$ cat my_file-v4.csv   # CSV, C-alpha atoms
chain,number,residue,atom,x,y,z
Z,3,MET,CA,47.0,-89.0,-185.5
Z,4,LYS,CA,46.6,-91.7,-188.2
Z,5,PHE,CA,45.0,-90.6,-191.5
Z,6,SER,CA,43.9,-92.7,-194.4
Z,7,ILE,CA,43.1,-91.2,-197.8
Z,8,MET,CA,40.9,-92.6,-200.5
Z,9,VAL,CA,41.4,-91.5,-204.2
Z,10,ASN,CA,38.4,-92.2,-206.5
Z,11,GLU,CA,39.5,-90.6,-209.8
Z,12,GLY,CA,42.4,-90.9,-212.2
Z,13,PRO,CA,45.1,-88.3,-212.8
Z,14,TYR,CA,44.5,-85.1,-214.7
Z,15,ASN,CA,40.8,-85.6,-215.6
Z,16,HIS,CA,39.7,-84.7,-212.0
Z,17,GLN,CA,41.5,-82.6,-209.3
Z,18,ALA,CA,40.9,-85.4,-206.8
Z,19,SER,CA,44.4,-86.9,-207.1
Z,20,ASP,CA,46.1,-83.5,-206.8
Z,21,THR,CA,44.0,-82.5,-203.7
Z,22,ALA,CA,44.7,-85.9,-202.2
Z,23,TYR,CA,48.4,-85.6,-202.8
Z,24,HIS,CA,48.7,-82.1,-201.3
Z,25,PHE,CA,46.5,-83.2,-198.3
Z,26,ALA,CA,48.8,-86.2,-197.8
Z,27,LYS,CA,51.9,-83.9,-197.9
Z,28,ALA,CA,50.3,-81.6,-195.3
Z,29,VAL,CA,49.5,-84.6,-193.1
Z,30,LEU,CA,53.1,-85.6,-193.1
Z,31,ASP,CA,54.4,-82.0,-192.7
Z,32,GLY,CA,52.0,-81.6,-189.7
Z,33,GLY,CA,53.7,-84.5,-187.9
Z,34,HIS,CA,50.8,-86.9,-188.4
Z,35,GLU,CA,51.0,-90.4,-189.9
Z,36,ILE,CA,49.5,-91.7,-193.1
Z,37,PHE,CA,48.2,-95.3,-192.5
Z,38,ARG,CA,47.3,-95.8,-196.2
Z,39,VAL,CA,46.4,-94.1,-199.5
Z,40,PHE,CA,43.8,-96.4,-201.2
Z,41,PHE,CA,43.1,-95.9,-204.9
Z,42,TYR,CA,39.6,-97.1,-206.0
Z,43,HIS,CA,37.3,-96.7,-209.0
Z,44,ASP,CA,39.2,-94.8,-211.7
Z,45,GLY,CA,41.7,-93.8,-209.0
Z,46,VAL,CA,43.7,-96.9,-209.9
Z,47,ASN,CA,44.8,-95.1,-213.0
Z,48,ASN,CA,47.1,-93.1,-210.7
Z,49,GLY,CA,49.3,-96.2,-210.6
Z,50,THR,CA,50.4,-96.5,-214.3
Z,51,ARG,CA,54.0,-96.0,-215.0
Z,52,LEU,CA,53.3,-95.4,-218.7
Z,53,THR,CA,52.2,-91.8,-218.2
Z,54,THR,CA,54.1,-89.0,-220.1
Z,55,PRO,CA,52.6,-85.7,-219.1
Z,56,PRO,CA,53.8,-82.5,-220.7
Z,57,GLN,CA,57.2,-81.3,-219.3
Z,58,ASP,CA,55.7,-78.1,-218.0
Z,59,ASP,CA,53.0,-79.8,-216.0
Z,60,ARG,CA,53.1,-81.7,-212.8
Z,61,ASN,CA,53.8,-85.5,-212.9
Z,62,ILE,CA,51.0,-86.9,-210.8
Z,63,VAL,CA,52.1,-90.5,-210.9
Z,64,GLU,CA,55.8,-89.8,-210.2
Z,65,ARG,CA,54.8,-87.5,-207.4
Z,66,TRP,CA,53.0,-90.4,-205.6
Z,67,SER,CA,55.9,-92.8,-206.3
Z,68,ALA,CA,58.3,-90.3,-204.7
Z,69,MET,CA,56.1,-89.9,-201.7
Z,70,ALA,CA,56.1,-93.7,-201.3
Z,71,ALA,CA,59.9,-93.8,-201.6
Z,72,ASP,CA,60.7,-90.8,-199.4
Z,73,HIS,CA,58.1,-91.3,-196.6
Z,74,GLU,CA,57.2,-95.0,-196.9
Z,75,VAL,CA,53.6,-94.1,-197.5
Z,76,ASP,CA,51.5,-97.2,-198.3
Z,77,LEU,CA,49.9,-96.7,-201.7
Z,78,VAL,CA,47.4,-99.5,-202.4
Z,79,ILE,CA,45.5,-100.0,-205.7
Z,80,CYS,CA,42.3,-102.1,-205.5
Z,81,VAL,CA,42.8,-105.3,-207.4
Z,82,ALA,CA,39.2,-105.6,-208.7
Z,83,ALA,CA,39.1,-102.0,-210.0
Z,84,ALA,CA,42.6,-102.4,-211.4
Z,85,GLN,CA,41.7,-105.6,-213.3
Z,86,ARG,CA,38.7,-103.8,-214.9
Z,87,ARG,CA,40.9,-100.8,-215.9
Z,88,GLY,CA,44.1,-102.6,-217.0
Z,89,ILE,CA,46.5,-101.7,-214.2
Z,90,ALA,CA,48.7,-104.7,-213.4
Z,91,ASP,CA,51.9,-105.6,-211.7
Z,92,ALA,CA,54.0,-108.5,-212.9
Z,93,ASP,CA,52.2,-111.1,-210.8
Z,94,GLU,CA,48.7,-110.0,-211.8
Z,95,SER,CA,49.8,-109.7,-215.4
Z,96,LYS,CA,51.1,-113.3,-215.4
Z,97,ARG,CA,48.0,-114.6,-213.6
Z,98,ASN,CA,45.7,-113.1,-216.0
Z,99,GLY,CA,47.6,-114.0,-219.2
Z,100,LYS,CA,48.6,-110.5,-220.2
Z,101,ASP,CA,51.7,-109.7,-222.1
Z,102,ALA,CA,52.8,-106.7,-220.1
Z,103,ASP,CA,52.5,-105.0,-216.7
Z,104,ASN,CA,52.4,-101.3,-216.1
Z,105,ILE,CA,52.3,-100.5,-212.4
Z,106,ALA,CA,54.3,-97.5,-211.2
Z,107,PRO,CA,57.0,-97.8,-208.5
Z,108,GLY,CA,55.7,-97.5,-204.9
Z,109,PHE,CA,52.2,-98.8,-205.6
Z,110,ARG,CA,51.0,-102.2,-204.6
Z,111,ILE,CA,47.9,-104.1,-205.7
Z,112,SER,CA,45.7,-105.6,-203.0
Z,113,GLY,CA,42.1,-106.2,-202.1
Z,114,LEU,CA,39.2,-104.1,-200.8
Z,115,GLY,CA,39.9,-105.4,-197.3
Z,116,GLN,CA,42.8,-102.9,-197.2
Z,117,LEU,CA,40.3,-100.1,-197.5
Z,118,ILE,CA,38.1,-101.4,-194.7
Z,119,GLU,CA,41.2,-102.0,-192.6
Z,120,ALA,CA,42.2,-98.4,-193.2
Z,121,GLY,CA,38.7,-97.3,-192.0
Z,122,ILE,CA,39.1,-99.4,-188.9
Z,123,GLN,CA,42.7,-98.7,-188.0
Z,124,SER,CA,42.9,-94.9,-188.9
Z,125,ASP,CA,41.7,-92.1,-186.8
Z,126,ARG,CA,40.4,-90.2,-189.8
Z,127,LEU,CA,39.5,-91.3,-193.3
Z,128,ILE,CA,39.1,-88.7,-196.1
Z,129,GLU,CA,37.9,-89.3,-199.6
Z,130,PHE,CA,38.7,-87.3,-202.8
Z,131,GLY,CA,36.7,-87.9,-206.0
Z,132,ASP,CA,34.5,-86.5,-208.6
U,18,MET,CA,31.8,-83.6,-188.3
U,19,LEU,CA,33.7,-81.8,-191.1
U,20,HIS,CA,31.8,-81.7,-194.4
U,21,THR,CA,33.7,-81.2,-197.7
U,22,VAL,CA,32.0,-79.9,-200.8
U,23,ASN,CA,34.1,-80.1,-204.1
U,24,LYS,CA,31.6,-79.1,-206.7
U,25,SER,CA,30.1,-75.8,-207.8
U,26,PRO,CA,26.6,-75.3,-206.5
U,27,TYR,CA,25.6,-74.3,-210.0
U,28,SER,CA,26.5,-77.7,-211.6
U,29,SER,CA,25.7,-80.1,-208.7
U,30,ASP,CA,23.3,-80.5,-205.9
U,31,SER,CA,26.0,-81.6,-203.4
U,32,LEU,CA,26.1,-78.2,-201.6
U,33,LYS,CA,22.3,-78.2,-201.2
U,34,THR,CA,22.3,-81.8,-200.0
U,35,CYS,CA,25.1,-81.1,-197.6
U,36,ALA,CA,23.3,-78.1,-196.2
U,37,GLY,CA,20.4,-80.4,-195.2
U,38,TYR,CA,22.8,-82.5,-193.2
U,39,LEU,CA,24.6,-79.8,-191.1
U,40,ARG,CA,24.2,-80.0,-187.4
U,41,ALA,CA,25.3,-77.8,-184.5
U,42,GLY,CA,29.1,-77.9,-184.1
U,43,ASP,CA,29.7,-79.1,-187.7
U,44,ALA,CA,32.1,-77.3,-190.0
U,45,LEU,CA,32.1,-77.1,-193.8
U,46,ILE,CA,35.1,-76.6,-196.2
U,47,PHE,CA,34.8,-75.8,-199.8
U,48,ILE,CA,37.5,-77.4,-202.0
U,49,GLU,CA,38.3,-77.7,-205.7
U,50,ASP,CA,35.3,-76.4,-207.8
U,51,GLY,CA,33.3,-76.2,-204.5
U,52,VAL,CA,35.0,-72.9,-203.8
U,53,TYR,CA,32.6,-71.2,-206.3
U,54,GLY,CA,30.0,-71.8,-203.6
U,55,ALA,CA,31.9,-69.4,-201.3
U,56,MET,CA,31.6,-66.5,-203.7
U,57,LYS,CA,29.2,-63.7,-202.8
U,58,GLY,CA,26.5,-62.3,-205.0
U,59,GLY,CA,25.3,-65.6,-206.5
U,60,ALA,CA,22.4,-67.9,-205.8
U,61,SER,CA,24.5,-69.9,-203.3
U,62,ASP,CA,24.8,-66.8,-201.1
U,63,ALA,CA,21.5,-67.3,-199.4
U,64,LEU,CA,22.2,-71.0,-198.9
U,65,VAL,CA,25.5,-70.4,-197.3
U,66,SER,CA,24.4,-67.4,-195.3
U,67,GLY,CA,21.6,-69.5,-193.9
U,68,MET,CA,23.9,-72.1,-192.5
U,69,GLY,CA,23.6,-70.7,-189.0
U,70,ASP,CA,26.6,-71.2,-186.8
U,71,THR,CA,28.3,-73.7,-189.0
U,72,LYS,CA,31.9,-72.6,-189.4
U,73,ILE,CA,32.7,-72.3,-193.1
U,74,TYR,CA,36.1,-72.5,-194.7
U,75,ALA,CA,37.5,-72.4,-198.2
U,76,LEU,CA,40.8,-73.9,-199.4
U,77,GLY,CA,43.1,-71.0,-200.3
U,78,PRO,CA,45.0,-72.6,-203.3
U,79,ASP,CA,41.7,-73.5,-205.0
U,80,LEU,CA,40.4,-69.9,-204.5
U,81,LYS,CA,43.5,-68.4,-205.9
U,82,ALA,CA,43.7,-70.7,-208.9
U,83,ARG,CA,40.2,-69.6,-209.8
U,84,GLY,CA,40.7,-65.9,-209.3
U,85,ILE,CA,38.5,-65.6,-206.3
U,86,GLY,CA,40.0,-62.9,-204.1
U,87,GLY,CA,39.1,-62.3,-200.4
U,88,ASP,CA,36.9,-59.4,-201.4
U,89,LYS,CA,34.7,-61.8,-203.4
U,90,LEU,CA,34.0,-64.2,-200.5
U,91,ILE,CA,30.7,-64.5,-198.6
U,92,ASP,CA,31.2,-62.8,-195.2
U,93,GLY,CA,32.4,-65.2,-192.5
U,94,VAL,CA,34.1,-67.7,-194.9
U,95,GLU,CA,37.6,-68.3,-193.5
U,96,VAL,CA,40.4,-69.2,-196.0
U,97,VAL,CA,42.8,-72.0,-195.0
U,98,GLY,CA,45.7,-73.7,-196.6
U,99,PHE,CA,46.3,-77.5,-196.7
U,100,ASP,CA,47.8,-77.3,-193.3
U,101,GLY,CA,44.6,-75.8,-191.9
U,102,PHE,CA,42.6,-78.3,-193.8
U,103,VAL,CA,44.5,-81.2,-192.1
U,104,GLU,CA,44.0,-79.5,-188.7
U,105,LEU,CA,40.2,-79.2,-189.4
U,106,VAL,CA,40.0,-82.9,-190.1
U,107,ALA,CA,42.0,-83.7,-187.0
U,108,ALA,CA,39.8,-81.4,-184.9
U,109,SER,CA,36.5,-83.0,-186.1
U,110,ASP,CA,35.4,-86.5,-185.1
U,111,LYS,CA,35.1,-87.6,-188.8
U,112,VAL,CA,34.7,-86.3,-192.3
U,113,GLN,CA,31.7,-86.5,-194.7
U,114,ASN,CA,32.8,-86.0,-198.3
U,115,TRP,CA,30.0,-84.7,-200.5
U,116,LEU,CA,31.4,-85.7,-203.9
C,28,MET,CA,41.1,-105.5,-184.6
C,29,SER,CA,40.2,-104.6,-181.1
C,30,GLU,CA,37.2,-102.3,-181.6
C,31,THR,CA,34.0,-102.3,-183.6
C,32,LYS,CA,33.4,-99.1,-185.5
C,33,LYS,CA,30.1,-97.7,-186.8
C,34,MET,CA,30.6,-97.5,-190.6
C,35,MET,CA,28.2,-95.7,-192.9
C,36,TYR,CA,28.2,-96.1,-196.6
C,37,VAL,CA,26.5,-93.2,-198.3
C,38,ASN,CA,25.2,-94.0,-201.8
C,39,ARG,CA,24.2,-91.0,-204.0
C,40,HIS,CA,24.7,-92.3,-207.5
C,41,ALA,CA,22.1,-94.1,-209.7
C,42,PRO,CA,23.1,-97.5,-211.0
C,43,TYR,CA,24.5,-98.2,-214.5
C,44,GLY,CA,25.2,-94.6,-215.6
C,45,THR,CA,28.4,-94.7,-213.6
C,46,GLY,CA,30.3,-97.5,-211.8
C,47,TYR,CA,30.1,-96.0,-208.3
C,48,ALA,CA,27.0,-98.0,-207.3
C,49,LEU,CA,28.4,-101.4,-208.2
C,50,GLU,CA,31.9,-100.8,-206.9
C,51,GLY,CA,30.4,-99.3,-203.7
C,52,LEU,CA,28.4,-102.4,-203.2
C,53,GLU,CA,31.5,-104.5,-203.6
C,54,VAL,CA,33.1,-102.6,-200.7
C,55,VAL,CA,30.1,-103.3,-198.5
C,56,LEU,CA,30.2,-107.0,-199.2
C,57,ILE,CA,33.9,-107.3,-198.5
C,58,GLY,CA,33.5,-105.1,-195.5
C,59,ALA,CA,30.9,-107.5,-194.0
C,60,ALA,CA,33.7,-110.0,-193.2
C,61,PHE,CA,35.2,-107.4,-190.8
C,62,GLU,CA,32.2,-107.6,-188.4
C,63,GLN,CA,31.8,-103.9,-188.0
C,64,ASP,CA,28.5,-102.0,-187.2
C,65,VAL,CA,27.6,-101.2,-190.8
C,66,SER,CA,24.7,-99.1,-192.3
C,67,ILE,CA,24.0,-97.9,-195.8
C,68,ALA,CA,22.2,-94.6,-196.6
C,69,PHE,CA,20.5,-94.1,-200.0
C,70,ILE,CA,20.3,-90.4,-200.7
C,71,GLY,CA,19.4,-88.6,-203.9
C,72,ASP,CA,19.8,-90.7,-207.0
C,73,GLY,CA,21.2,-93.4,-204.8
C,74,LEU,CA,17.6,-94.5,-204.2
C,75,TYR,CA,17.5,-95.8,-207.8
C,76,GLN,CA,20.0,-98.6,-206.9
C,77,ILE,CA,17.2,-100.4,-205.0
C,78,MET,CA,14.4,-99.7,-207.3
C,79,LYS,CA,12.3,-102.7,-208.2
C,80,GLY,CA,12.2,-104.3,-211.7
C,81,GLN,CA,15.7,-103.7,-213.0
C,82,ASP,CA,16.2,-105.7,-216.2
C,83,THR,CA,19.4,-105.4,-218.2
C,84,ALA,CA,18.5,-108.0,-220.8
C,85,ASP,CA,18.6,-105.5,-223.6
C,86,SER,CA,21.8,-103.8,-222.5
C,87,ASP,CA,24.9,-105.8,-221.7
C,88,MET,CA,25.4,-104.3,-218.3
C,89,LYS,CA,25.5,-106.6,-215.3
C,90,ASN,CA,22.2,-106.4,-213.3
C,91,PHE,CA,23.6,-106.3,-209.8
C,92,SER,CA,20.4,-105.4,-208.1
C,93,PRO,CA,19.7,-108.9,-206.9
C,94,THR,CA,22.9,-108.6,-204.8
C,95,TYR,CA,21.1,-106.2,-202.5
C,96,ASN,CA,18.9,-109.1,-201.4
C,97,ALA,CA,21.9,-110.8,-199.9
C,98,LEU,CA,22.8,-107.9,-197.6
C,99,GLY,CA,20.7,-109.3,-194.8
C,100,ASP,CA,22.8,-112.5,-194.9
C,101,TYR,CA,25.9,-110.4,-194.7
C,102,GLU,CA,24.4,-108.8,-191.5
C,103,VAL,CA,24.0,-105.5,-193.2
C,104,THR,CA,20.4,-104.9,-191.9
C,105,LYS,CA,20.2,-101.1,-191.7
C,106,LEU,CA,19.4,-99.6,-195.1
C,107,TYR,CA,18.4,-96.0,-194.6
C,108,VAL,CA,16.4,-94.3,-197.3
C,109,GLU,CA,15.9,-90.5,-197.3
C,110,GLN,CA,12.2,-89.5,-197.4
C,111,GLU,CA,12.9,-86.1,-199.1
C,112,SER,CA,14.8,-87.9,-201.9
C,113,MET,CA,11.9,-90.2,-202.4
C,114,ASP,CA,9.4,-87.4,-202.5
C,115,GLU,CA,11.4,-85.4,-205.0
C,116,ARG,CA,11.5,-88.4,-207.3
C,117,GLY,CA,7.9,-89.4,-206.8
C,118,LEU,CA,8.9,-92.7,-205.3
C,119,THR,CA,7.4,-94.6,-202.4
C,120,VAL,CA,8.6,-97.7,-200.5
C,121,ASP,CA,6.5,-99.8,-202.8
C,122,ASP,CA,8.8,-98.8,-205.7
C,123,LEU,CA,11.8,-100.2,-203.8
C,124,MET,CA,12.9,-103.8,-203.6
C,125,PRO,CA,11.5,-105.5,-200.4
C,126,LEU,CA,14.8,-106.0,-198.8
C,127,VAL,CA,14.7,-108.1,-195.6
C,128,TYR,CA,16.9,-109.8,-193.0
C,129,GLU,CA,16.3,-112.7,-190.6
C,130,ASP,CA,16.5,-111.6,-187.0
C,131,GLU,CA,18.3,-114.3,-185.1
C,132,ASP,CA,17.2,-112.7,-181.8
C,133,ASP,CA,13.6,-113.1,-182.8
C,134,ASP,CA,13.4,-116.7,-184.0
C,135,TRP,CA,14.8,-115.8,-187.4
C,136,ALA,CA,11.7,-113.7,-188.2
C,137,GLU,CA,12.0,-111.9,-191.5
C,138,LYS,CA,12.1,-108.1,-191.0
C,139,PRO,CA,12.4,-105.2,-193.4
C,140,SER,CA,15.9,-103.7,-193.7
C,141,ILE,CA,14.8,-100.5,-195.3
C,142,ILE,CA,14.3,-97.7,-192.8
C,143,VAL,CA,12.8,-94.5,-194.3
C,144,MET,CA,13.9,-91.5,-192.5
C,145,SER,CA,13.7,-87.7,-192.9
C,146,ARG,CA,16.9,-85.9,-193.8
C,147,SER,CA,17.2,-84.3,-190.4
C,148,ASP,CA,16.8,-87.7,-188.6
C,149,LEU,CA,19.3,-89.3,-191.0
C,150,ALA,CA,21.7,-86.5,-190.1
C,151,GLY,CA,21.4,-87.6,-186.5
C,152,VAL,CA,22.3,-91.2,-187.6
C,153,PHE,CA,25.3,-89.8,-189.4
C,154,ALA,CA,26.4,-88.0,-186.3
C,155,GLU,CA,26.6,-91.3,-184.5
C,156,GLN,CA,29.0,-92.9,-187.0
C,157,ASP,CA,32.7,-93.4,-186.7
C,158,VAL,CA,33.6,-93.5,-190.4
C,159,MET,CA,31.8,-92.4,-193.5
C,160,PHE,CA,32.3,-93.8,-197.0
C,161,ASN,CA,30.8,-92.1,-200.0
C,162,PHE,CA,30.0,-93.8,-203.3

$ encode --input "my_file-v4.csv" --output "C-alpha cells"
Amino acid sequence: MKFSIMVNEGPYNHQASDTAYHFAKAVLDGGHEIFRVFFYHDGVNNGTRLTTPPQDDRNIVERWSAMAADHEVDLVICVAAAQRRGIADADESKRNGKDADNIAPGFRISGLGQLIEAGIQSDRLIEFGD
Amino acid sequence: MLHTVNKSPYSSDSLKTCAGYLRAGDALIFIEDGVYGAMKGGASDALVSGMGDTKIYALGPDLKARGIGGDKLIDGVEVVGFDGFVELVAASDKVQNWL
Amino acid sequence: MSETKKMMYVNRHAPYGTGYALEGLEVVLIGAAFEQDVSIAFIGDGLYQIMKGQDTADSDMKNFSPTYNALGDYEVTKLYVEQESMDERGLTVDDLMPLVYEDEDDDWAEKPSIIVMSRSDLAGVFAEQDVMFNF
C-alpha cells in the first residue's frame, strides 16, 4: 500500500514531526511504500540544515535526511510556504536575491501540486499537525 | 474511516467535534496529547463511553510518555504501537485527522 | 492520472488568527487544475472564513476573502457549511458571503455554492470521500 504523509508544523514546538517520522518508519517496516512526505505551513521548518538541537535530544531534521538517504523517501517542502518562512535551496535563494540557502539534505522544494498528486496517487494520506 | 484526535479534550473541541462525525464501522485513535481523552474518571469519559460501537485505540508511546498506565484507561480502549497505527490506517478506507 | 478522486477539504480555523485558512485555500486553488471531484466543508470556526464584510484596511493582513468568490470559476461548487456550527455562533446564511457558481448544464444559471447541512448529514458526505485534507 502507498502512503503519503503531510507535516504541518515545525520541529520541536509541536509533536507533529515526531509522530510523522515514527509513522513513516512503521510504514516502511511494515513493508509498505511511502509515496511522499509533504511539508506545509510551518512544517517547512523541518527542512533547515542550520538546526543545532541539544546533544541529548533527538535531531529531527537529520532524522528526516537520513530517512531520505537510506530509504529514498521523497521529502517535499512547499515552495510558497518555504518562501514565506525563509527555507531555501541554492536555486530559490539565487532567484529571490538572498545571500544564503539553508535547505537540509534529502529535502526538495516544489509546488502544492505535489501534495495534490500525493492525494491522488496514494492509497492513504495522513496529516500530522497542531 | 479512521479518525485521529491529537489534542486533549480539556484544551480543544476536536474530540467533541470528532464524536459528532463518527459513523458505524469507524475507528478512532488518540495520539499525542489526544491520549488524555482516553483516561478514565474525567469529563471525556462520558463522551468516549457514549461512542457506541466505534473501536477506540490509543497510541502506546504517547500514553507511556505521559504516565498513563493501562489501569487509567477508559474500558475498551485498545493500546497500539506505531505498527498497529499503520495497520489501522491500511484497514480503513481513509483517515480524517482532527487537528 | 487515470482516476478521479473525491477530495474533501475540511476547514476548521478562523481567518487571520492563524495562517491555516489562507494556505488551505491555496491548496484548493492549485488542486482545481487536477480536475478531481472537490468539496469544501466549513466546520466550527472555519465558518468565519466566509463571513461577509471582512475589511483588513486597518491591519496589514491580506484580505483573501474575495478569493472565495472565484471558487465557482475553479469548478469548486460544493461548499458545505455545518448547521450546528452556525447555530453555536449565532450565524445564519445571511451572514455569509453569497458564493455562487455558473451551472454550464443549465444555461450558465447562477446557483448558490453554499450547502448548509447538519453534522450527521455532513458525516455522510465525508463517508463518500476518497481523501480528506484538514486545514

$ closest_residue --input "my_file-v4.csv" --among "Z:Asp132, Z:Asp58, Z:Glu74, Z:Asp103" --to "chain U" --atoms "only C-alpha atoms"
Z:Asp132

$ closest_residue --input "my_file-v4.csv" --among "U:Lys72, U:Lys24, U:Lys33, U:Lys81" --to "chain C" --atoms "all atoms listed in the file"
U:Lys33

$ interface_residues --input "my_file-v4.csv" --of "chain C" --to "chain Z" --cutoff "7 Å" --atoms "only C-alpha atoms" --output "ChimeraX atom specification"
/C:32,54,57-58,158

$ residues_near_point --input "my_file-v4.csv" --point "(32.6, -98.4, -193.3)" --cutoff "6 Å" --atoms "all atoms listed in the file" --output "list in words"
Met34, Met35, Tyr36, Val158 and Phe160 of chain C

$ residues_around --input "my_file-v4.csv" --residues "Gly88 of chain Z" --least-positions-apart "5" --cutoff "10 Å" --atoms "all atoms listed in the file" --output "list in words"
Val46, Asn47, Thr50, Ala83, Ser95, Lys100, Asp103, Asn104 and Ile105 of chain Z

$ atom_distance --input "my_file-v4.csv" --atom1 "atom CA of Asp20 of chain Z" --atom2 "atom CA of Asp76 of chain Z"
17.0 Å

$ closest_atom_pairs --input "my_file-v4.csv" --of "chain U" --to "chain Z" --cutoff "10 Å" --atoms "only C-alpha atoms" --output "CSV"
residue,atom,partner,partner_atom,distance
U:Thr21,CA,Z:Glu129,CA,9.3
U:Asn23,CA,Z:Asp132,CA,7.8
U:Lys24,CA,Z:Asp132,CA,8.2
U:Ile48,CA,Z:Thr21,CA,8.4
U:Glu49,CA,Z:Gln17,CA,6.9
U:Asp50,CA,Z:Gln17,CA,8.9
U:Pro78,CA,Z:Thr21,CA,10.0
U:Asp79,CA,Z:Thr21,CA,9.4
U:Gly98,CA,Z:Ala28,CA,9.2
U:Phe99,CA,Z:Ala28,CA,5.9
U:Asp100,CA,Z:Ala28,CA,5.4
U:Gly101,CA,Z:Ala28,CA,8.8
U:Phe102,CA,Z:Phe25,CA,7.7
U:Val103,CA,Z:Val29,CA,6.1
U:Glu104,CA,Z:Gly32,CA,8.3
U:Val106,CA,Z:Arg126,CA,7.3
U:Ala107,CA,Z:Arg126,CA,7.3
U:Ser109,CA,Z:Arg126,CA,9.0
U:Asp110,CA,Z:Arg126,CA,7.8
U:Lys111,CA,Z:Arg126,CA,6.0
U:Val112,CA,Z:Ile128,CA,6.3
U:Gln113,CA,Z:Ile128,CA,7.8
U:Asn114,CA,Z:Glu129,CA,6.2
U:Trp115,CA,Z:Glu129,CA,9.2
U:Leu116,CA,Z:Asp132,CA,5.7

$ closest_atom_pairs --input "my_file-v4.csv" --of "chain C" --to "chain U" --cutoff "8 Å" --atoms "only C-alpha atoms" --output "CSV"
residue,atom,partner,partner_atom,distance
C:Arg146,CA,U:Gly37,CA,6.7
C:Ser147,CA,U:Tyr38,CA,6.5
C:Leu149,CA,U:Tyr38,CA,8.0
C:Ala150,CA,U:Tyr38,CA,5.2
C:Ala154,CA,U:Met18,CA,7.2
C:Asp157,CA,U:Lys111,CA,6.6
C:Val158,CA,U:Lys111,CA,6.3
C:Met159,CA,U:Gln113,CA,6.0
C:Phe160,CA,U:Gln113,CA,7.7
C:Asn161,CA,U:Asn114,CA,6.6

$ residues_around --input "my_file-v4.csv" --residues "segment 65-79 of chain C" --least-positions-apart "2" --cutoff "7 Å" --atoms "only C-alpha atoms" --output "mmCIF file with C-alpha atoms, in the frame of the given file"
data_model
loop_
_atom_site.group_PDB
_atom_site.id
_atom_site.type_symbol
_atom_site.label_atom_id
_atom_site.label_comp_id
_atom_site.auth_asym_id
_atom_site.auth_seq_id
_atom_site.Cartn_x
_atom_site.Cartn_y
_atom_site.Cartn_z
ATOM 1 C CA LYS C 33 30.100 -97.700 -186.800
ATOM 2 C CA MET C 34 30.600 -97.500 -190.600
ATOM 3 C CA MET C 35 28.200 -95.700 -192.900
ATOM 4 C CA TYR C 36 28.200 -96.100 -196.600
ATOM 5 C CA VAL C 37 26.500 -93.200 -198.300
ATOM 6 C CA ASN C 38 25.200 -94.000 -201.800
ATOM 7 C CA ARG C 39 24.200 -91.000 -204.000
ATOM 8 C CA HIS C 40 24.700 -92.300 -207.500
ATOM 9 C CA ALA C 41 22.100 -94.100 -209.700
ATOM 10 C CA PRO C 42 23.100 -97.500 -211.000
ATOM 11 C CA GLN C 63 31.800 -103.900 -188.000
ATOM 12 C CA GLN C 81 15.700 -103.700 -213.000
ATOM 13 C CA SER C 92 20.400 -105.400 -208.100
ATOM 14 C CA VAL C 103 24.000 -105.500 -193.200
ATOM 15 C CA LYS C 105 20.200 -101.100 -191.700
ATOM 16 C CA LEU C 106 19.400 -99.600 -195.100
ATOM 17 C CA TYR C 107 18.400 -96.000 -194.600
ATOM 18 C CA VAL C 108 16.400 -94.300 -197.300
ATOM 19 C CA GLU C 109 15.900 -90.500 -197.300
ATOM 20 C CA SER C 112 14.800 -87.900 -201.900
ATOM 21 C CA ASP C 122 8.800 -98.800 -205.700
ATOM 22 C CA LEU C 123 11.800 -100.200 -203.800
ATOM 23 C CA MET C 124 12.900 -103.800 -203.600
#

$ atom_distance --input "my_file-v4.csv" --atom1 "atom CA of Gly108 of chain Z" --atom2 "atom CA of Ala68 of chain Z"
7.7 Å

$ residues_around --input "my_file-v4.csv" --residues "Leu32 of chain U" --least-positions-apart "4" --cutoff "7 Å" --atoms "all atoms listed in the file" --output "list of chain:residue names"
U:Val22, U:Pro26, U:Ala36

$ atom_distance --input "my_file-v4.csv" --atom1 "atom CA of Met144 of chain C" --atom2 "atom CA of Met113 of chain C"
10.2 Å

$ closest_residue --input "my_file-v4.csv" --among "Z:Pro56, Z:Gly49, Z:Pro107, Z:Gly12" --to "Ile89 of chain Z" --atoms "all atoms listed in the file"
Z:Gly49

$ residues_around --input "my_file-v4.csv" --residues "Asp62 of chain U" --least-positions-apart "5" --cutoff "10 Å" --atoms "all atoms listed in the file" --output "CSV table (one decimal) with C-alpha atoms, in the coordinates of the input"
chain,number,residue,atom,x,y,z
U,54,GLY,CA,30.0,-71.8,-203.6
U,55,ALA,CA,31.9,-69.4,-201.3
U,56,MET,CA,31.6,-66.5,-203.7
U,57,LYS,CA,29.2,-63.7,-202.8
U,67,GLY,CA,21.6,-69.5,-193.9
U,90,LEU,CA,34.0,-64.2,-200.5
U,91,ILE,CA,30.7,-64.5,-198.6
U,92,ASP,CA,31.2,-62.8,-195.2

$ decode --input "my_file-v4.csv" --residues "segment 72-77 of chain U" --atoms "N, CA and C atoms" --output "PDB file, in the first residue's frame"
ATOM      1  N   LYS U  72     -14.642   1.467  17.444  1.00  0.00           N
ATOM      2  CA  LYS U  72     -13.457   0.882  18.069  1.00  0.00           C
ATOM      3  C   LYS U  72     -12.509   2.021  18.433  1.00  0.00           C
ATOM      4  N   ILE U  73     -12.043   2.018  19.667  1.00  0.00           N
ATOM      5  CA  ILE U  73     -11.213   3.131  20.139  1.00  0.00           C
ATOM      6  C   ILE U  73      -9.826   2.646  20.504  1.00  0.00           C
ATOM      7  N   TYR U  74      -8.830   3.347  20.015  1.00  0.00           N
ATOM      8  CA  TYR U  74      -7.427   2.996  20.236  1.00  0.00           C
ATOM      9  C   TYR U  74      -6.668   4.189  20.810  1.00  0.00           C
ATOM     10  N   ALA U  75      -5.557   3.873  21.445  1.00  0.00           N
ATOM     11  CA  ALA U  75      -4.663   4.943  21.909  1.00  0.00           C
ATOM     12  C   ALA U  75      -3.236   4.504  21.596  1.00  0.00           C
ATOM     13  N   LEU U  76      -2.406   5.473  21.202  1.00  0.00           N
ATOM     14  CA  LEU U  76      -1.036   5.165  20.793  1.00  0.00           C
ATOM     15  C   LEU U  76      -0.146   4.960  22.025  1.00  0.00           C
ATOM     16  N   GLY U  77       0.406   3.757  22.123  1.00  0.00           N
ATOM     17  CA  GLY U  77       1.164   3.345  23.297  1.00  0.00           C
ATOM     18  C   GLY U  77       2.285   4.285  23.721  1.00  0.00           C
TER      19      GLY U  77
END
